[in-house]
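J.: Structure: run-v1.cif, mmCIF, C-alpha atoms.
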```cif
data_query
loop_
_atom_site.label_atom_id
_atom_site.label_comp_id
_atom_site.auth_asym_id
_atom_site.auth_seq_id
_atom_site.Cartn_x
_atom_site.Cartn_y
_atom_site.Cartn_z
CA MET A 1 105.04 119.38 111.86
CA LEU A 2 104.06 115.72 111.64
CA LYS A 3 104.07 113.56 108.49
CA ALA A 4 101.47 110.83 107.89
CA LYS A 5 102.13 108.02 105.41
CA VAL A 6 98.77 106.77 104.11
CA ASN A 7 98.08 103.59 102.13
CA VAL A 8 94.67 103.23 100.48
CA THR A 9 93.94 99.78 99.01
CA LEU A 10 90.93 98.08 97.49
CA LYS A 11 89.11 95.74 99.90
CA LYS A 12 90.14 92.09 99.45
CA SER A 13 86.68 91.22 98.06
CA ILE A 14 86.97 93.81 95.27
CA LEU A 15 88.48 92.75 91.91
CA ASP A 16 91.74 94.61 91.13
CA PRO A 17 92.10 94.67 87.31
CA GLN A 18 95.20 96.88 87.46
CA GLY A 19 96.88 94.47 89.85
CA SER A 20 95.94 91.46 87.72
CA ALA A 21 97.37 93.10 84.61
CA VAL A 22 100.71 93.79 86.31
CA GLU A 23 100.67 90.27 87.78
CA LYS A 24 100.27 88.66 84.34
CA ALA A 25 102.96 90.88 82.83
CA LEU A 26 105.48 90.02 85.56
CA ARG A 27 104.71 86.30 85.27
CA SER A 28 105.15 86.41 81.50
CA MET A 29 108.70 87.67 82.21
CA ASP A 30 109.29 84.66 84.52
CA TYR A 31 109.36 86.59 87.78
CA PRO A 32 108.21 84.39 90.73
CA VAL A 33 105.09 86.49 91.34
CA HIS A 34 102.04 84.99 93.08
CA SER A 35 99.80 88.10 93.21
CA VAL A 36 99.83 91.91 92.88
CA ARG A 37 97.45 94.46 94.47
CA ILE A 38 97.74 98.14 93.56
CA GLY A 39 96.57 101.12 95.65
CA LYS A 40 97.36 104.74 96.47
CA PHE A 41 100.17 106.07 98.66
CA MET A 42 99.95 109.57 100.13
CA GLU A 43 102.31 111.62 102.29
CA VAL A 44 100.36 114.26 104.22
CA THR A 45 102.37 116.78 106.25
CA LEU A 46 100.31 118.42 108.98
CA ASN A 47 100.81 121.74 110.76
CA GLU A 48 100.25 119.86 114.01
CA GLU A 49 102.60 118.99 116.87
CA SER A 50 100.41 116.68 118.98
CA LYS A 51 100.37 113.07 117.77
CA GLU A 52 96.96 112.53 119.34
CA LYS A 53 95.39 115.47 117.49
CA ALA A 54 97.19 114.48 114.24
CA THR A 55 95.78 110.95 114.51
CA GLN A 56 92.25 112.30 114.90
CA VAL A 57 92.66 114.68 111.94
CA MET A 58 94.16 111.95 109.72
CA ASP A 59 91.40 109.48 110.62
CA GLU A 60 88.79 112.01 109.56
CA ILE A 61 90.64 113.04 106.37
CA CYS A 62 91.15 109.40 105.34
CA ARG A 63 87.57 108.33 106.09
CA LYS A 64 85.90 111.34 104.48
CA LEU A 65 88.19 112.33 101.62
CA LEU A 66 91.17 110.16 100.77
CA SER A 67 89.37 106.80 100.58
CA ASN A 68 86.01 105.41 99.52
CA PRO A 69 84.89 103.35 102.55
CA VAL A 70 82.57 101.25 100.38
CA ILE A 71 85.38 99.66 98.33
CA GLU A 72 88.62 100.76 99.98
CA ASP A 73 90.53 100.26 103.24
CA TYR A 74 93.11 102.73 104.58
CA THR A 75 96.04 102.55 106.98
CA PHE A 76 98.37 105.34 108.06
CA GLU A 77 101.39 105.82 110.29
CA LEU A 78 102.72 109.06 111.78
CA GLU A 79 106.38 110.06 111.54
CA ASP A 80 108.14 112.85 113.47
CA MET B 1 105.73 83.09 100.18
CA LEU B 2 106.99 86.57 100.93
CA LYS B 3 105.02 89.82 100.58
CA ALA B 4 106.67 93.09 99.47
CA LYS B 5 105.03 96.44 100.19
CA VAL B 6 106.20 98.92 97.54
CA ASN B 7 105.80 102.71 97.56
CA VAL B 8 106.51 104.60 94.33
CA THR B 9 106.60 108.39 94.66
CA LEU B 10 107.51 111.27 92.40
CA LYS B 11 111.01 112.65 92.99
CA LYS B 12 110.98 115.75 95.26
CA SER B 13 112.05 117.95 92.32
CA ILE B 14 109.04 116.92 90.22
CA LEU B 15 105.80 118.93 90.46
CA ASP B 16 102.89 116.88 91.88
CA PRO B 17 99.65 118.43 90.52
CA GLN B 18 97.50 115.70 92.07
CA GLY B 19 99.02 116.30 95.48
CA SER B 20 98.63 120.08 95.14
CA ALA B 21 94.95 119.69 94.24
CA VAL B 22 94.26 117.51 97.30
CA GLU B 23 96.32 119.92 99.45
CA LYS B 24 94.22 122.92 98.37
CA ALA B 25 90.97 121.01 98.88
CA LEU B 26 91.93 119.93 102.42
CA ARG B 27 93.05 123.47 103.32
CA SER B 28 89.80 124.92 102.02
CA MET B 29 88.05 122.65 104.56
CA ASP B 30 90.27 124.09 107.35
CA TYR B 31 92.33 120.96 107.92
CA PRO B 32 95.84 121.84 109.25
CA VAL B 33 97.56 120.52 106.10
CA HIS B 34 101.03 121.78 105.09
CA SER B 35 101.62 119.59 102.00
CA VAL B 36 100.40 116.44 100.21
CA ARG B 37 102.36 114.13 97.87
CA ILE B 38 100.57 111.28 96.08
CA GLY B 39 102.13 108.08 94.70
CA LYS B 40 101.45 104.39 94.08
CA PHE B 41 101.29 101.60 96.66
CA MET B 42 101.70 97.98 95.55
CA GLU B 43 101.58 94.67 97.42
CA VAL B 44 103.55 92.02 95.52
CA THR B 45 103.41 88.45 96.85
CA LEU B 46 106.32 86.34 95.65
CA ASN B 47 106.63 82.56 95.33
CA GLU B 48 109.98 82.88 97.08
CA GLU B 49 111.14 81.77 100.55
CA SER B 50 114.60 83.38 100.73
CA LYS B 51 114.55 87.05 101.79
CA GLU B 52 117.84 87.65 99.99
CA LYS B 53 116.53 86.31 96.67
CA ALA B 54 113.21 88.17 97.17
CA THR B 55 115.08 91.44 97.73
CA GLN B 56 117.03 90.97 94.49
CA VAL B 57 113.88 90.14 92.51
CA MET B 58 111.95 93.10 93.97
CA ASP B 59 114.83 95.52 93.26
CA GLU B 60 114.82 94.44 89.63
CA ILE B 61 111.01 94.52 89.29
CA CYS B 62 110.81 97.99 90.88
CA ARG B 63 113.69 99.44 88.84
CA LYS B 64 112.61 97.97 85.49
CA LEU B 65 108.82 97.82 85.65
CA LEU B 66 107.00 99.35 88.62
CA SER B 67 108.68 102.75 88.61
CA ASN B 68 110.09 105.25 86.12
CA PRO B 69 113.60 105.96 87.45
CA VAL B 70 113.71 109.31 85.61
CA ILE B 71 110.91 110.89 87.65
CA GLU B 72 110.12 108.43 90.44
CA ASP B 73 111.73 106.95 93.55
CA TYR B 74 110.74 103.59 95.05
CA THR B 75 111.04 101.95 98.45
CA PHE B 76 109.89 98.49 99.51
CA GLU B 77 109.85 96.35 102.64
CA LEU B 78 109.48 92.58 102.89
CA GLU B 79 106.99 90.92 105.25
CA ASP B 80 106.85 87.25 106.24
#
```
Rewrite the structure from the file as structure tokens, please.
T.:
Amino acid sequence: MLKAKVNVTLKKSILDPQGSAVEKALRSMDYPVHSVRIGKFMEVTLNEESKEKATQVMDEICRKLLSNPVIEDYTFELED
Amino acid sequence: MLKAKVNVTLKKSILDPQGSAVEKALRSMDYPVHSVRIGKFMEVTLNEESKEKATQVMDEICRKLLSNPVIEDYTFELED
């Protein structure tokens, strides 16, 4: 089995109200915060042994289902 | 400035209904998925130059504010 760690984040050009709220809260508590962006983190374990095949499957799953390509970017890394 | 990439996930012992829903959906589309766990991903940029100080600040922020230690675990890594 292979495990993929996926990060889905809003594109830089998209306003992140959740991130801004957390940013203001942290600053109000005097933490040295410049900016905060919030996204989704997913761990997907695949019944797959080949890294090449797993990469193809994960690319498709991320593009079609786990992210909205219009407003989000995704990255993933495979672990043994 | 230093950037911290934070992952907040539910503890293994905690049921993840969101992850189970995505897991079932992906399996129903014949993807070779064994399991899915969903959490939060945050990018926190700090007005801090020292990695040591940034690590301390991030530990405190994660423990006190960005995660619920009763049901969640957190990990973070610092980038230049």
J.: How would you write, as a VMD selection string, the residues chosen by the PyMOL selection byres ((chain A and resi 72) around 10) on this structure?
T.: chain A and resid 8 to 14 39 63 66 to 71 73 to 74
J.: Taking 2 positions as the minimum chain separation for residues in the same chain, which residues sit within 12 Å of Ser50 in chain B when counting all atoms listed in the file? Answer as a ChimeraX atom specification.
T.: /A:32 /B:1-3,46-48,52-57,78-80
J.: Which residues of chain B come within 7 Å of chain A, and what is each one's closest atom pair and distance in Å (one decimal), counting only C-alpha atoms, sorted by chain and residue number, as CSV?
T.:
```
residue,atom,partner,partner_atom,distance
B:Asn7,CA,A:Phe41,CA,6.6
B:Pro32,CA,A:Asn47,CA,5.2
B:Val33,CA,A:Leu46,CA,4.5
B:His34,CA,A:Leu46,CA,5.2
B:Ser35,CA,A:Thr45,CA,5.1
B:Val36,CA,A:Val44,CA,4.6
B:Arg37,CA,A:Glu43,CA,5.1
B:Ile38,CA,A:Met42,CA,4.4
B:Gly39,CA,A:Phe41,CA,4.9
B:Lys40,CA,A:Lys40,CA,4.8
B:Phe41,CA,A:Gly39,CA,4.9
B:Met42,CA,A:Ile38,CA,4.4
B:Glu43,CA,A:Arg37,CA,5.1
B:Val44,CA,A:Val36,CA,4.6
B:Thr45,CA,A:Ser35,CA,5.1
B:Leu46,CA,A:Val33,CA,4.5
B:Asn47,CA,A:Pro32,CA,5.2
B:Glu48,CA,A:Pro32,CA,6.8
```
J.: Suppose you want the space between CA of Cys62 in chain B and CA of Asp30 in chain A; what is it in Å?
T.: 14.8 Å
J.: Please produce chain A as a compact mmCIF listing (two decimals) with C-alpha atoms, in the frame of the given file once it has been superposed on chain B, the fit using all Cα atoms paired in sequence order.
T.:
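Okay, superposed.txt is ready:
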```
# COMPACT_ATOMS: atom_id res chain seq x y z
CA MET A 1 105.70 83.07 100.19
CA LEU A 2 106.98 86.56 100.94
CA LYS A 3 105.02 89.82 100.57
CA ALA A 4 106.68 93.08 99.47
CA LYS A 5 105.04 96.44 100.19
CA VAL A 6 106.21 98.92 97.54
CA ASN A 7 105.81 102.71 97.56
CA VAL A 8 106.51 104.59 94.33
CA THR A 9 106.61 108.39 94.66
CA LEU A 10 107.52 111.27 92.39
CA LYS A 11 111.02 112.67 93.01
CA LYS A 12 110.99 115.76 95.25
CA SER A 13 112.04 117.98 92.31
CA ILE A 14 109.04 116.91 90.21
CA LEU A 15 105.80 118.94 90.45
CA ASP A 16 102.89 116.88 91.87
CA PRO A 17 99.66 118.44 90.52
CA GLN A 18 97.49 115.70 92.05
CA GLY A 19 99.03 116.31 95.46
CA SER A 20 98.62 120.08 95.15
CA ALA A 21 94.95 119.69 94.23
CA VAL A 22 94.25 117.52 97.29
CA GLU A 23 96.30 119.91 99.44
CA LYS A 24 94.21 122.93 98.38
CA ALA A 25 90.96 121.02 98.88
CA LEU A 26 91.91 119.93 102.41
CA ARG A 27 93.03 123.46 103.33
CA SER A 28 89.78 124.93 102.03
CA MET A 29 88.04 122.65 104.58
CA ASP A 30 90.27 124.08 107.35
CA TYR A 31 92.33 120.95 107.93
CA PRO A 32 95.85 121.82 109.25
CA VAL A 33 97.57 120.51 106.11
CA HIS A 34 101.02 121.78 105.10
CA SER A 35 101.62 119.59 102.01
CA VAL A 36 100.40 116.45 100.20
CA ARG A 37 102.37 114.13 97.87
CA ILE A 38 100.58 111.29 96.08
CA GLY A 39 102.15 108.08 94.72
CA LYS A 40 101.46 104.40 94.09
CA PHE A 41 101.29 101.59 96.65
CA MET A 42 101.71 97.98 95.55
CA GLU A 43 101.59 94.67 97.42
CA VAL A 44 103.56 92.02 95.52
CA THR A 45 103.41 88.46 96.85
CA LEU A 46 106.32 86.34 95.66
CA ASN A 47 106.63 82.56 95.33
CA GLU A 48 109.97 82.88 97.10
CA GLU A 49 111.13 81.79 100.55
CA SER A 50 114.59 83.38 100.74
CA LYS A 51 114.55 87.04 101.79
CA GLU A 52 117.84 87.65 100.00
CA LYS A 53 116.53 86.32 96.68
CA ALA A 54 113.20 88.17 97.16
CA THR A 55 115.07 91.44 97.72
CA GLN A 56 117.03 90.97 94.50
CA VAL A 57 113.87 90.13 92.52
CA MET A 58 111.95 93.10 93.97
CA ASP A 59 114.82 95.51 93.27
CA GLU A 60 114.82 94.44 89.64
CA ILE A 61 111.01 94.51 89.29
CA CYS A 62 110.81 97.98 90.87
CA ARG A 63 113.67 99.45 88.83
CA LYS A 64 112.60 97.98 85.50
CA LEU A 65 108.81 97.83 85.66
CA LEU A 66 107.00 99.34 88.62
CA SER A 67 108.69 102.77 88.60
CA ASN A 68 110.08 105.26 86.11
CA PRO A 69 113.61 105.97 87.42
CA VAL A 70 113.71 109.31 85.60
CA ILE A 71 110.91 110.90 87.66
CA GLU A 72 110.12 108.42 90.43
CA ASP A 73 111.75 106.94 93.54
CA TYR A 74 110.75 103.58 95.05
CA THR A 75 111.05 101.95 98.46
CA PHE A 76 109.91 98.50 99.53
CA GLU A 77 109.85 96.35 102.64
CA LEU A 78 109.49 92.57 102.89
CA GLU A 79 107.00 90.92 105.24
CA ASP A 80 106.85 87.23 106.21
```
